[in-house]
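Participant: work.tsv is the file, holding TSV, C-alpha atoms and all ligand atoms:
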```tsv
chain	number	residue	atom	x	y	z
A	1	MET	CA	-75.86	-141.05	-99.34
A	2	ALA	CA	-76.19	-140.26	-103.06
A	3	ASP	CA	-73.30	-138.33	-104.61
A	4	PRO	CA	-74.20	-134.61	-104.28
A	5	LEU	CA	-72.91	-134.11	-107.84
A	6	GLU	CA	-74.48	-137.22	-109.38
A	7	ARG	CA	-76.25	-135.36	-112.15
A	8	TYR	CA	-73.20	-133.22	-112.91
A	9	TYR	CA	-71.16	-136.38	-113.50
A	10	ARG	CA	-73.90	-137.79	-115.71
A	11	ILE	CA	-73.58	-134.74	-117.94
A	12	LEU	CA	-69.79	-135.06	-117.99
A	13	ASN	CA	-70.18	-138.70	-119.06
A	14	GLY	CA	-72.63	-137.78	-121.81
A	15	LYS	CA	-75.48	-139.67	-120.15
A	16	GLU	CA	-77.59	-136.58	-119.64
A	17	ARG	CA	-77.88	-133.15	-121.21
A	18	ALA	CA	-76.96	-129.90	-119.53
A	19	ARG	CA	-80.22	-128.37	-118.38
A	20	TYR	CA	-80.14	-125.34	-120.65
A	21	MET	CA	-80.27	-127.71	-123.65
A	22	SER	CA	-83.66	-129.02	-122.51
A	23	LEU	CA	-84.94	-125.44	-122.53
A	24	GLN	CA	-83.65	-124.92	-126.07
A	25	ALA	CA	-85.52	-128.06	-127.11
A	26	THR	CA	-88.82	-127.03	-125.54
A	27	ARG	CA	-91.23	-124.86	-127.47
A	28	SER	CA	-92.57	-121.78	-125.73
A	29	ASP	CA	-95.86	-120.11	-126.65
A	30	PHE	CA	-94.88	-116.66	-125.41
A	31	ARG	CA	-95.32	-113.61	-127.62
A	32	PRO	CA	-92.81	-110.74	-127.40
A	33	GLU	CA	-95.66	-108.22	-127.23
A	34	GLN	CA	-97.00	-109.75	-123.99
A	35	LYS	CA	-96.85	-107.63	-120.85
A	36	GLU	CA	-94.18	-108.51	-118.33
A	37	ASP	CA	-96.64	-110.00	-115.82
A	38	ASP	CA	-98.17	-112.17	-118.55
A	39	LEU	CA	-94.72	-113.35	-119.58
A	40	TRP	CA	-94.02	-114.39	-115.99
A	41	SER	CA	-97.27	-116.37	-115.93
A	42	THR	CA	-96.33	-118.12	-119.17
A	43	HIS	CA	-92.89	-118.82	-117.78
A	44	GLU	CA	-94.25	-120.28	-114.56
A	45	ARG	CA	-96.61	-122.59	-116.41
A	46	GLU	CA	-94.15	-123.77	-119.05
A	47	ILE	CA	-91.16	-124.17	-116.76
A	48	ARG	CA	-93.20	-126.18	-114.25
A	49	GLU	CA	-94.14	-128.63	-116.95
A	50	THR	CA	-90.63	-128.83	-118.37
A	51	LEU	CA	-88.73	-129.24	-115.10
A	52	GLY	CA	-91.15	-131.92	-113.97
A	53	ARG	CA	-90.35	-134.00	-117.02
A	54	PRO	CA	-87.44	-136.46	-116.86
A	55	GLN	CA	-85.06	-136.37	-119.83
A	56	SER	CA	-85.94	-139.99	-120.70
A	57	ARG	CA	-89.52	-138.77	-121.20
A	58	GLU	CA	-88.23	-135.99	-123.48
A	59	GLU	CA	-86.58	-138.59	-125.69
A	60	GLU	CA	-89.84	-140.57	-125.88
A	61	LYS	CA	-91.61	-137.41	-126.98
A	62	GLY	CA	-88.87	-136.66	-129.49
A	63	VAL	CA	-87.83	-133.50	-127.64
A	64	SER	CA	-84.34	-132.73	-128.84
A	65	GLY	CA	-82.52	-130.22	-130.97
A	66	MET	CA	-83.80	-126.68	-131.02
A	67	GLU	CA	-87.26	-125.15	-131.15
A	68	ALA	CA	-87.71	-121.92	-133.15
A	69	ARG	CA	-89.13	-120.10	-130.13
A	70	ASN	CA	-88.15	-121.92	-126.99
A	71	LEU	CA	-88.03	-121.59	-123.22
A	72	LEU	CA	-84.56	-120.10	-123.27
A	73	ASP	CA	-85.86	-117.36	-125.56
A	74	LEU	CA	-88.61	-116.68	-123.04
A	75	LYS	CA	-86.05	-116.44	-120.24
A	76	SER	CA	-84.03	-114.01	-122.35
A	77	GLU	CA	-87.08	-111.85	-123.02
A	78	LEU	CA	-87.84	-111.72	-119.29
A	79	ALA	CA	-84.24	-111.01	-118.30
A	80	HIS	CA	-84.13	-108.04	-120.68
A	81	ARG	CA	-87.45	-106.76	-119.36
A	82	MET	CA	-85.98	-106.93	-115.84
A	83	LEU	CA	-83.09	-104.72	-116.96
A	84	GLY	CA	-85.58	-102.00	-117.89
A	85	HIS	CA	-86.33	-101.41	-114.18
A	86	CYS	CA	-83.60	-103.50	-112.71
A	87	TYR	CA	-84.60	-106.02	-110.08
A	88	ILE	CA	-82.04	-108.66	-110.97
A	89	CYS	CA	-80.55	-108.58	-107.49
A	90	GLU	CA	-82.00	-107.70	-104.12
A	91	TRP	CA	-80.82	-104.11	-104.32
A	92	LYS	CA	-83.80	-103.70	-106.67
A	93	CYS	CA	-82.39	-100.39	-107.92
A	94	GLY	CA	-85.27	-99.94	-110.37
A	95	VAL	CA	-83.05	-98.15	-112.91
A	96	ASP	CA	-83.38	-98.60	-116.66
A	97	ARG	CA	-80.06	-100.20	-117.49
A	98	THR	CA	-81.12	-100.55	-121.13
A	99	GLY	CA	-81.26	-96.75	-121.20
A	100	GLY	CA	-77.76	-96.36	-119.79
A	101	ARG	CA	-78.68	-95.77	-116.15
A	102	LYS	CA	-76.44	-97.45	-113.60
A	103	GLY	CA	-77.55	-99.01	-110.36
A	104	ARG	CA	-75.49	-99.89	-107.35
A	105	CYS	CA	-73.40	-102.49	-109.20
A	106	GLY	CA	-72.49	-99.98	-111.93
A	107	VAL	CA	-72.85	-102.68	-114.59
A	108	LEU	CA	-74.35	-101.73	-117.95
A	109	ASP	CA	-73.26	-103.97	-120.82
A	110	ALA	CA	-71.65	-107.19	-119.67
A	111	ARG	CA	-67.87	-106.82	-119.68
A	112	ILE	CA	-65.55	-109.75	-119.41
A	113	SER	CA	-62.40	-109.28	-117.45
A	114	SER	CA	-60.89	-112.65	-118.38
A	115	GLU	CA	-61.81	-116.18	-119.40
A	116	PHE	CA	-59.52	-119.18	-119.04
A	117	LEU	CA	-59.28	-122.77	-117.84
A	118	HIS	CA	-59.03	-122.61	-114.06
A	119	TYR	CA	-57.22	-125.33	-112.12
A	120	GLY	CA	-57.74	-123.84	-108.66
A	121	GLU	CA	-61.42	-124.74	-108.25
A	122	GLU	CA	-62.83	-127.73	-106.33
A	123	PRO	CA	-61.46	-131.04	-107.72
A	124	PRO	CA	-64.72	-132.18	-109.40
A	125	LEU	CA	-64.82	-128.92	-111.36
A	126	ILE	CA	-61.29	-128.92	-112.78
A	127	PRO	CA	-60.53	-127.73	-115.42
A	128	SER	CA	-63.22	-125.13	-115.21
A	129	HIS	CA	-63.82	-122.57	-117.96
A	130	THR	CA	-64.11	-119.54	-115.71
A	131	ILE	CA	-65.64	-116.42	-117.20
A	132	PHE	CA	-64.95	-113.40	-114.98
A	133	PHE	CA	-67.34	-110.45	-115.26
A	134	SER	CA	-66.36	-106.95	-114.24
A	135	GLY	CA	-68.39	-105.34	-111.46
A	136	CYS	CA	-70.28	-106.64	-108.45
A	137	ASN	CA	-73.37	-105.92	-106.39
A	138	PHE	CA	-71.40	-106.37	-103.14
A	139	LYS	CA	-68.76	-103.99	-101.79
A	140	CYS	CA	-66.66	-106.37	-99.71
A	141	ALA	CA	-63.92	-104.57	-97.83
A	142	PHE	CA	-61.67	-107.61	-98.15
A	143	CYS	CA	-62.55	-108.54	-101.77
A	144	GLN	CA	-59.94	-110.96	-103.09
A	145	ASN	CA	-60.86	-109.93	-106.69
A	146	TYR	CA	-61.25	-106.21	-106.06
A	147	ASP	CA	-59.44	-105.21	-109.26
A	148	ILE	CA	-62.33	-106.80	-111.19
A	149	SER	CA	-65.26	-106.25	-108.86
A	150	THR	CA	-64.72	-102.53	-108.32
A	151	ASN	CA	-64.27	-101.68	-111.99
A	152	PRO	CA	-67.49	-102.44	-113.89
A	153	SER	CA	-66.18	-100.62	-116.97
A	154	GLY	CA	-63.05	-102.75	-117.16
A	155	GLY	CA	-62.61	-105.74	-119.44
A	156	SER	CA	-64.10	-106.27	-122.88
A	157	CYS	CA	-67.53	-106.52	-124.43
A	158	ILE	CA	-67.81	-109.80	-126.31
A	159	SER	CA	-70.95	-110.59	-128.27
A	160	PRO	CA	-73.02	-113.52	-126.95
A	161	GLU	CA	-72.43	-115.36	-130.26
A	162	ARG	CA	-68.66	-114.96	-129.97
A	163	LEU	CA	-68.55	-116.08	-126.34
A	164	ALA	CA	-70.62	-119.14	-127.23
A	165	GLU	CA	-68.01	-119.97	-129.88
A	166	ILE	CA	-65.20	-119.55	-127.35
A	167	ILE	CA	-66.99	-121.84	-124.89
A	168	ALA	CA	-67.51	-124.47	-127.59
A	169	ARG	CA	-63.84	-124.37	-128.50
A	170	ARG	CA	-62.75	-124.69	-124.86
A	171	PHE	CA	-65.01	-127.73	-124.59
A	172	ASP	CA	-64.04	-129.36	-127.85
A	173	ALA	CA	-60.30	-129.76	-127.37
A	174	THR	CA	-59.85	-131.01	-130.92
A	175	ALA	CA	-61.94	-128.30	-132.58
A	176	GLY	CA	-60.71	-126.85	-135.84
A	177	SER	CA	-59.26	-128.34	-138.99
A	178	GLY	CA	-55.94	-128.60	-140.81
A	179	THR	CA	-53.15	-126.78	-139.01
A	180	GLN	CA	-55.67	-125.57	-136.47
A	181	ALA	CA	-56.56	-129.14	-135.51
A	182	ARG	CA	-52.91	-130.00	-135.01
A	183	SER	CA	-52.25	-126.92	-132.95
A	184	THR	CA	-55.22	-127.64	-130.70
A	185	SER	CA	-54.76	-131.39	-130.32
A	186	ASN	CA	-52.94	-131.03	-127.00
A	187	ARG	CA	-55.51	-128.72	-125.49
A	188	VAL	CA	-57.36	-129.80	-122.38
A	189	LYS	CA	-61.13	-129.97	-122.52
A	190	ALA	CA	-63.13	-127.75	-120.15
A	191	ALA	CA	-65.33	-129.70	-117.73
A	192	ASN	CA	-67.84	-126.91	-117.27
A	193	VAL	CA	-68.63	-123.24	-117.78
A	194	ASN	CA	-68.12	-121.29	-114.57
A	195	TRP	CA	-69.91	-117.90	-114.53
A	196	VAL	CA	-68.20	-115.70	-111.94
A	197	GLY	CA	-66.94	-112.15	-111.28
A	198	GLY	CA	-67.28	-109.85	-109.40
A	199	ASP	CA	-70.59	-111.60	-109.57
A	200	PRO	CA	-72.48	-113.04	-112.53
A	201	THR	CA	-75.88	-111.85	-111.28
A	202	PRO	CA	-75.92	-108.35	-112.87
A	203	ASN	CA	-75.10	-110.06	-116.19
A	204	LEU	CA	-77.94	-112.56	-116.13
A	205	ALA	CA	-79.55	-111.36	-119.40
A	206	TYR	CA	-76.25	-111.59	-121.26
A	207	ILE	CA	-75.54	-115.09	-119.91
A	208	VAL	CA	-78.94	-116.33	-121.06
A	209	ASP	CA	-78.19	-114.87	-124.48
A	210	VAL	CA	-74.85	-116.69	-124.65
A	211	LEU	CA	-76.65	-119.95	-123.89
A	212	ARG	CA	-79.14	-119.28	-126.69
A	213	HIS	CA	-76.16	-119.54	-129.07
A	214	LEU	CA	-74.47	-122.50	-127.43
A	215	ARG	CA	-74.99	-126.10	-128.61
A	216	THR	CA	-72.48	-127.85	-126.36
A	217	ASN	CA	-73.37	-130.39	-123.69
A	218	ILE	CA	-71.40	-128.75	-120.90
A	219	PRO	CA	-72.59	-128.17	-117.30
A	220	GLN	CA	-73.33	-124.61	-116.24
A	221	ILE	CA	-71.90	-123.46	-112.90
A	222	TRP	CA	-73.32	-120.38	-111.19
A	223	ASN	CA	-70.52	-119.04	-108.98
A	224	SER	CA	-72.19	-116.32	-106.94
A	225	ASN	CA	-72.80	-114.47	-103.68
A	226	MET	CA	-76.48	-115.54	-104.03
A	227	TYR	CA	-77.96	-112.08	-103.56
A	228	MET	CA	-80.29	-112.36	-106.54
A	229	THR	CA	-84.06	-111.80	-106.41
A	230	GLU	CA	-86.57	-114.61	-106.46
A	231	ARG	CA	-87.39	-113.63	-110.05
A	232	SER	CA	-83.76	-114.11	-111.02
A	233	MET	CA	-83.85	-117.48	-109.29
A	234	ASP	CA	-86.94	-118.23	-111.41
A	235	LEU	CA	-84.87	-117.58	-114.52
A	236	LEU	CA	-81.94	-119.63	-113.29
A	237	ASP	CA	-84.21	-122.63	-112.71
A	238	GLY	CA	-83.64	-124.96	-115.61
A	239	ILE	CA	-80.34	-123.28	-116.58
A	240	VAL	CA	-77.94	-123.89	-113.71
A	241	ASP	CA	-76.57	-127.39	-113.24
A	242	VAL	CA	-74.46	-126.62	-110.17
A	243	TYR	CA	-74.60	-123.61	-107.87
A	244	LEU	CA	-71.15	-122.80	-106.51
A	245	THR	CA	-72.04	-120.39	-103.77
A	246	ASP	CA	-70.13	-118.03	-101.54
A	247	PHE	CA	-71.80	-118.12	-98.12
A	248	LYS	CA	-69.88	-115.45	-96.23
A	249	TYR	CA	-71.67	-114.35	-93.08
A	250	GLY	CA	-73.58	-115.77	-90.15
A	251	ASN	CA	-75.38	-112.52	-89.31
A	252	ASP	CA	-76.61	-109.32	-90.94
A	253	PHE	CA	-74.45	-106.98	-88.89
A	254	CYS	CA	-71.15	-108.37	-90.23
A	255	ALA	CA	-72.61	-108.49	-93.77
A	256	GLU	CA	-73.60	-104.85	-93.70
A	257	ARG	CA	-70.38	-103.64	-92.10
A	258	LEU	CA	-67.99	-105.58	-94.34
A	259	SER	CA	-69.94	-105.99	-97.62
A	260	GLY	CA	-72.44	-103.14	-97.42
A	261	VAL	CA	-75.48	-105.38	-97.96
A	262	LYS	CA	-78.78	-105.53	-96.13
A	263	GLU	CA	-80.87	-108.51	-95.03
A	264	TYR	CA	-78.07	-110.85	-95.97
A	265	GLY	CA	-79.24	-113.81	-93.91
A	266	ARG	CA	-82.84	-113.84	-95.13
A	267	ILE	CA	-81.94	-113.48	-98.80
A	268	VAL	CA	-78.95	-115.77	-99.00
A	269	THR	CA	-80.47	-118.60	-96.96
A	270	ARG	CA	-83.66	-118.40	-99.04
A	271	ASN	CA	-81.65	-118.67	-102.26
A	272	HIS	CA	-79.49	-121.51	-100.94
A	273	GLU	CA	-82.55	-123.55	-100.07
A	274	ARG	CA	-84.04	-122.94	-103.45
A	275	ALA	CA	-80.76	-123.73	-105.23
A	276	ALA	CA	-80.56	-127.04	-103.39
A	277	ARG	CA	-84.13	-127.92	-104.36
A	278	ASN	CA	-83.60	-127.24	-108.05
A	279	SER	CA	-79.94	-128.00	-108.79
A	280	GLU	CA	-76.81	-129.45	-107.30
A	281	LEU	CA	-74.82	-127.33	-104.90
A	282	ILE	CA	-71.33	-126.68	-103.62
A	283	VAL	CA	-71.21	-124.16	-100.77
A	284	ARG	CA	-67.98	-122.26	-100.23
A	285	HIS	CA	-67.23	-120.55	-96.97
A	286	LEU	CA	-64.09	-118.44	-96.66
A	287	VAL	CA	-63.18	-118.28	-92.98
A	288	LEU	CA	-62.54	-114.66	-92.04
A	289	PRO	CA	-60.13	-113.74	-89.23
A	290	SER	CA	-61.97	-112.88	-86.00
A	291	HIS	CA	-65.29	-114.16	-87.45
A	292	VAL	CA	-65.33	-117.76	-86.30
A	293	ASP	CA	-68.00	-117.39	-83.61
A	294	CYS	CA	-70.18	-114.75	-85.28
A	295	CYS	CA	-70.05	-116.07	-88.86
A	296	SER	CA	-68.33	-119.39	-89.56
A	297	ILE	CA	-69.88	-121.50	-86.81
A	298	PRO	CA	-73.43	-120.19	-87.46
A	299	VAL	CA	-73.00	-120.82	-91.21
A	300	MET	CA	-71.92	-124.41	-90.56
A	301	ASP	CA	-74.79	-124.91	-88.10
A	302	TRP	CA	-77.29	-123.56	-90.61
A	303	LEU	CA	-75.96	-125.82	-93.35
A	304	ALA	CA	-76.14	-128.88	-91.08
A	305	GLU	CA	-79.74	-128.11	-90.21
A	306	HIS	CA	-81.05	-127.02	-93.63
A	307	LEU	CA	-78.77	-128.45	-96.34
A	308	PRO	CA	-77.08	-131.49	-94.79
A	309	ASN	CA	-76.45	-133.10	-98.19
A	310	ALA	CA	-74.65	-130.15	-99.78
A	311	LEU	CA	-70.96	-130.33	-100.58
A	312	VAL	CA	-69.18	-127.76	-98.42
A	313	ASN	CA	-65.77	-126.20	-98.97
A	314	VAL	CA	-64.32	-124.54	-95.87
A	315	MET	CA	-61.64	-122.25	-97.28
A	316	ASP	CA	-58.51	-121.00	-95.52
A	317	GLN	CA	-56.92	-118.75	-98.14
A	318	TYR	CA	-57.99	-115.40	-96.70
A	319	ARG	CA	-55.48	-112.58	-97.21
A	320	PRO	CA	-56.11	-108.97	-96.16
A	321	MET	CA	-56.58	-107.00	-99.38
A	322	HIS	CA	-58.34	-103.95	-100.76
A	323	ARG	CA	-59.95	-102.05	-97.82
A	324	ALA	CA	-59.43	-104.82	-95.26
A	325	PHE	CA	-56.84	-102.62	-93.55
A	326	GLU	CA	-59.59	-100.21	-92.53
A	327	HIS	CA	-61.08	-102.90	-90.25
A	328	ASP	CA	-59.29	-104.17	-87.14
A	329	ASP	CA	-60.94	-107.60	-87.36
A	330	VAL	CA	-60.02	-108.54	-90.94
A	331	CYS	CA	-56.73	-106.66	-91.42
A	332	ARG	CA	-54.60	-109.74	-90.72
A	333	ASP	CA	-54.05	-113.24	-92.08
A	334	LEU	CA	-56.25	-116.06	-90.85
A	335	LYS	CA	-54.75	-118.10	-88.01
A	336	ARG	CA	-54.42	-121.82	-88.57
A	337	GLU	CA	-56.34	-122.55	-85.37
A	338	GLU	CA	-59.25	-120.40	-86.55
A	339	TYR	CA	-59.54	-122.43	-89.73
A	340	LEU	CA	-59.21	-125.75	-87.89
A	341	GLU	CA	-61.89	-124.79	-85.39
A	342	VAL	CA	-64.36	-124.25	-88.23
A	343	LYS	CA	-63.30	-127.33	-90.16
A	344	ASN	CA	-63.48	-129.54	-87.08
A	345	HIS	CA	-66.90	-128.16	-86.24
A	346	ALA	CA	-68.10	-128.90	-89.78
A	347	GLU	CA	-66.78	-132.45	-89.49
A	348	ASP	CA	-68.45	-132.91	-86.10
A	349	LEU	CA	-71.72	-131.82	-87.70
A	350	GLY	CA	-71.30	-134.48	-90.38
A	351	LEU	CA	-71.16	-132.02	-93.26
A	352	HIS	CA	-69.99	-133.38	-96.58
A	353	LEU	CA	-66.69	-131.55	-97.01
A	354	VAL	CA	-64.80	-131.14	-100.27
A	355	ASP	CA	-61.45	-132.96	-100.02
A	401	LIG	S1	-78.06	-105.89	-110.72
A	401	LIG	FE1	-78.63	-105.30	-108.62
A	401	LIG	S2	-77.20	-103.66	-108.06
A	401	LIG	FE2	-77.13	-103.86	-110.31
A	401	LIG	S3	-78.62	-102.36	-111.06
A	401	LIG	FE3	-79.68	-104.32	-110.90
A	401	LIG	S4	-80.64	-104.33	-108.89
A	401	LIG	FE4	-79.07	-102.70	-108.88
```
Using the file provided, produce a representation of the structure as structure tokens.
Facilitator:
Amino acid sequence: MADPLERYYRILNGKERARYMSLQATRSDFRPEQKEDDLWSTHEREIRETLGRPQSREEEKGVSGMEARNLLDLKSELAHRMLGHCYICEWKCGVDRTGGRKGRCGVLDARISSEFLHYGEEPPLIPSHTIFFSGCNFKCAFCQNYDISTNPSGGSCISPERLAEIIARRFDATAGSGTQARSTSNRVKAANVNWVGGDPTPNLAYIVDVLRHLRTNIPQIWNSNMYMTERSMDLLDGIVDVYLTDFKYGNDFCAERLSGVKEYGRIVTRNHERAARNSELIVRHLVLPSHVDCCSIPVMDWLAEHLPNALVNVMDQYRPMHRAFEHDDVCRDLKREEYLEVKNHAEDLGLHLVD
């Protein structure tokens, strides 16, 4: 079987460009005065042509560098239009976030809670430049990051230009000159940019804008609950190199009771299938106490049937936090035998597990 992260490694080795760079290098014929529906039609046509073109073909055609008005600009224009009647995620709140109205996630301007090199991610991703956004479109009772996810006004606003500079410096471990170069010479180089939160989804427009200012060949990781709309998935096509997903539940009842979301199964499975078609994929599943039969086993079965080539990380680090103590099922630590039952089942199914 081919390595599920083959393309990711090619970017790391400098043999291929991160996908967003191909968008920067591809001219777009959109006009800012076009109506939103027309912009979507332009996007569909131009992205289809671009994504169907291998990078070797781009080099033959001399596609490199940066076009004055390019496909990433078009994605930015569309993402900002979406904010005007927000349908970035499947809550489809319809509020005008550009006019200061908040939807369910409570996110207005993107606010960054922290950014640093993370050594706790899956081995192929380390060290990962994790960028944590405040706020989330889920309300998980057991959220392990609840201090960030429940406080969309926390953290700092950083301009897209400035964050692009920070990303470039994390990537270029020897950036700077003079005393700066000496002081940075021992720094470790980031392997990727890891957009996370909370959830990155409400901040899609901001993230596209950061990438418009970035010139660094670094893979883009979308670390998400995968509750975005199909239109948001349209925008992520051509940007995301690896989806790092959080596949929590095996049924809608548990999803609604513990995370307050509707139609979880339909939306999240749809987006996983699409992510696997268009990018590389690592699926995370945090085993919840008392949820082996209703959630973990069905998630593993679904993955074996629909995404048998995905990398899967069965996680055992559940701790009862936040409002977990309000629920009898998740108010305790995970038992070792619960975790092993899920892991053994995944192995029996032949899933490709992260070491
Ligand atoms: S991102 Fe989702 S939850 Fe937030 S305002 Fe938009 S549709 Fe609503």
Participant: Give as a list in words the residues surrounding ligand LIG 401 (chain A) up to a distance of 7 Å, considering all atoms listed in the file.
Facilitator: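 Checked against 7 Å with all atoms listed in the file; the hits are Leu83, Cys86, Tyr87, Ile88, Cys89, Glu90, Trp91, Lys92, Cys93, Gly94, Val95, Arg97, Lys102, Gly103, Arg104, Cys105, Gly106, Val107, Asn137, Thr201 and Pro202 of chain A.
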Participant: Compile the contact shell of range 287-292 of chain A as a VMD selection string: residues with an atom at most 6 Å away, counting only C-alpha atoms, same-chain residues fewer than 2 positions apart removed.
Facilitator: chain A and resid 294 to 297 316 329 to 330 334
Participant: Next, dump the selected residues to file, keeping only C-alpha atoms, as a JSON list (two decimals), in the frame of the given file.
Facilitator:
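Result saved to out_35.json:
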```
[["chain", "number", "residue", "atom", "x", "y", "z"],
["A", 294, "CYS", "CA", -70.18, -114.75, -85.28],
["A", 295, "CYS", "CA", -70.05, -116.07, -88.86],
["A", 296, "SER", "CA", -68.33, -119.39, -89.56],
["A", 297, "ILE", "CA", -69.88, -121.50, -86.81],
["A", 316, "ASP", "CA", -58.51, -121.00, -95.52],
["A", 329, "ASP", "CA", -60.94, -107.60, -87.36],
["A", 330, "VAL", "CA", -60.02, -108.54, -90.94],
["A", 334, "LEU", "CA", -56.25, -116.06, -90.85]]
```
Participant: How many Å lie between CA of Met300 in chain A and CA of Tyr339 in chain A, rounded to one decimal?
Facilitator: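 Distance between the two atoms: 12.6 Å.
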Participant: Counting all atoms listed in the file, I want the residues whose atoms come within 8 Å of (-88.3, -125.6, -125.9) in the file frame, returned as a count of residues only.
Facilitator: 13
Participant: Go through A:Thr150, A:Asn309, A:Gln34, A:Asn278 and flag the residue nearest Asp237 in chain A, using all atoms listed in the file for the distances.
Facilitator: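 Closest candidate: A:Asn278.
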Participant: What separation in Å, quoted to one decimal, exists between CA of Pro219 in chain A and CA of Phe247 in chain A?
Facilitator: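 Straight-line distance from CA of Pro219 in chain A to CA of Phe247 in chain A works out to 21.7 Å.
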Participant: Could you check the closest approach to Ser232 in chain A for each of A:Leu51, A:Leu12, A:Ala79, A:Val261 and tell me which residue wins, using all atoms listed in the file?
Facilitator: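 Among the listed residues, the smallest separation from Ser232 in chain A belongs to A:Ala79.
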Participant: Find, counting all atoms listed in the file, the residue in A:Gln144, A:Asn313, A:Ser259, A:Thr130 that gets nearest to Asp355 in chain A.
Facilitator: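 So, comparing all the options, the nearest one is A:Asn313.
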